[in-house]
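One structure is given here, and the rest of the page talks about it.
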Amino acid sequence: LARAAELEGAMAERVVAPLATAPTGGAPPNEKLGPSPKGLQRSAEKVRLDYGGDAHQLKDPLRCSIVCATFDALCLCWERLLELEREGVLEILQVKNRFRSGAAPGGYMDVNITARFEGFLCEIQMHVRTFFELKDGAHPCYEACRSLGLEGELRQEGPPRGELPWRARAYIAGLRFCAGNSAAYMACAYPIFDAHDFLPELWGEDAWVRAVISLCAAAPYSILAYLIARDMTRSL
């Protein structure tokens with residue numbers, strides 16, 4: 001990270017500025033963000049969660065973003081990046097194009113480039129403004145989920161079904177029993193309350209109307225009670 005801080009100015013001048021001033025095909029000018037070194041806490045978190053503790057795999061200790069107004073402007077910005085590579089300013093090592101490979105969770109798309117600049121790994125992100133604004137709004141939630149290990153596909157890392165500790169099985173059985181009892185109570189309560197005219201919202205309605213409404217209200221609870229009882233029976 002100390003090396004990233006040393007290269008910040010050079011990258012701003014030789015990489016970010018040319019990309020920010022690249023032609024846009026008549027669209028508004030590109031917007032630049034960075035470059036800036038990745039924070040120490042975030043770097044440590046990413047190394048721990050994504051790279052198994054191997055800091056050498058960190059690909060974005062120095063990073064920047066270019067926000068383009070349109071997709072055509074992004075393509076022109078990409079062409080400028082290729083020119084920089086031909087000029088020997090940097091070397092493109094990896095490209096992750098979410099416009100081609102598919103959106104991230106939430107619908108976000110960008111072009112994420114890992115490059116070597118003066119012997120140092122850096123990350124260049126190219127955005128279309130509409131998608132960038134989507135990312136910007138969802139970023140706090142994304143960071144929270146990532147910190148908790150909830151980002152990406154869910155993984156089953158616990159014991160397989162049937163091998164849970166007996167206490168866990170007892171807790172689950174107790175919760176099912178309570179939920180089943182509550183559902184059965186509600187399923188019975190509506191017809192009983194209707195029979196004794198305890199439902200003020202139905203006062204004044206004909207008997208058959210009250211009966212139909214109470215049975216319809218009780219139906220979801222009856223189904224829930226049945227499903228819980230079935231699952232409890234199967235787990236015995």
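Residue numbers start at 1 in each chain; chains themselves are named A, B, ... in the order of the structure tokens; ligands are numbered from 1 in the order shown.
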
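If you count only C-alpha atoms and ignore residues fewer than 2 places along the chain from Thr114 in chain A, what sits within 7 Å of it is Lys59, Ile92, Leu93, Gln94, Val95, Asn112, Leu121, Cys122, Glu123 and Ile124 of chain A.
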
The selected residues should be written to file as a CSV table (one decimal), in the first residue's frame (atoms: N, CA and C atoms).
```csv
chain,number,residue,atom,x,y,z
A,59,LYS,N,-5.5,-7.6,-6.2
A,59,LYS,CA,-5.3,-7.0,-7.6
A,59,LYS,C,-5.6,-5.5,-7.6
A,92,ILE,N,-2.2,-4.5,-19.8
A,92,ILE,CA,-3.5,-5.1,-19.4
A,92,ILE,C,-3.3,-6.6,-19.1
A,93,LEU,N,-3.6,-7.0,-17.9
A,93,LEU,CA,-3.5,-8.4,-17.5
A,93,LEU,C,-4.8,-9.2,-17.5
A,94,GLN,N,-5.8,-8.5,-17.1
A,94,GLN,CA,-7.1,-9.2,-17.1
A,94,GLN,C,-8.3,-8.2,-17.3
A,95,VAL,N,-9.3,-8.7,-18.0
A,95,VAL,CA,-10.5,-7.8,-18.2
A,95,VAL,C,-11.7,-8.6,-17.8
A,112,ASN,N,-14.1,-4.1,-15.6
A,112,ASN,CA,-13.1,-4.1,-14.6
A,112,ASN,C,-11.8,-4.6,-15.1
A,121,LEU,N,0.5,-3.7,-9.6
A,121,LEU,CA,-0.8,-4.1,-10.0
A,121,LEU,C,-1.8,-2.9,-9.6
A,122,CYS,N,-2.7,-2.6,-10.6
A,122,CYS,CA,-3.7,-1.6,-10.3
A,122,CYS,C,-5.0,-2.0,-11.0
A,123,GLU,N,-6.1,-1.4,-10.6
A,123,GLU,CA,-7.4,-1.7,-11.1
A,123,GLU,C,-8.0,-0.4,-11.8
A,124,ILE,N,-8.6,-0.6,-12.9
A,124,ILE,CA,-9.2,0.5,-13.6
A,124,ILE,C,-10.7,0.0,-13.9
```

* Within 12 Å of Leu76 in chain A using only C-alpha atoms, minus same-chain residues under 4 positions, as a VMD selection string -> chain A and resid 18 to 27 29 to 30 66 68 to 72 80 to 83 126

* Who sits within 8 Å of Phe131 in chain A, only C-alpha atoms, same chain under 6 positions skipped, as a PyMOL selection string -> chain A and resi 108-110

Restricted to C-alpha atoms, what would the selected residues look like written as a PDB file, in the first residue's frame?
```
ATOM      1  CA  TYR A 108     -24.921  -3.730 -11.949  1.00  0.00           C
ATOM      2  CA  MET A 109     -22.506  -3.908 -14.913  1.00  0.00           C
ATOM      3  CA  ASP A 110     -19.090  -2.403 -15.637  1.00  0.00           C
TER       4      ASP A 110
END
```

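Each of A:Tyr185, A:Trp78, A:Tyr226, A:Phe117 was compared to Arg14 in chain A using only C-alpha atoms, and A:Phe117 turns out to be the nearest.
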
* To do: Work out how far CA of Cys77 in chain A is from CA of Pro28 in chain A, in Å to one decimal.
  =>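 Atom-to-atom, CA of Pro28 in chain A to CA of Cys77 in chain A, that is 12.8 Å.
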
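Nearest to Ala183 in chain A of all the residues A:Arg167, A:Ile213, A:Cys64, A:Ala218 is A:Ala218, based on only C-alpha atoms.
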
* **Ala2 in chain A environment, 10 Å, only C-alpha atoms, sequence neighbours closer than 2 positions dropped, as an NGL selection string** => :A and (4-7 or 37 or 61)
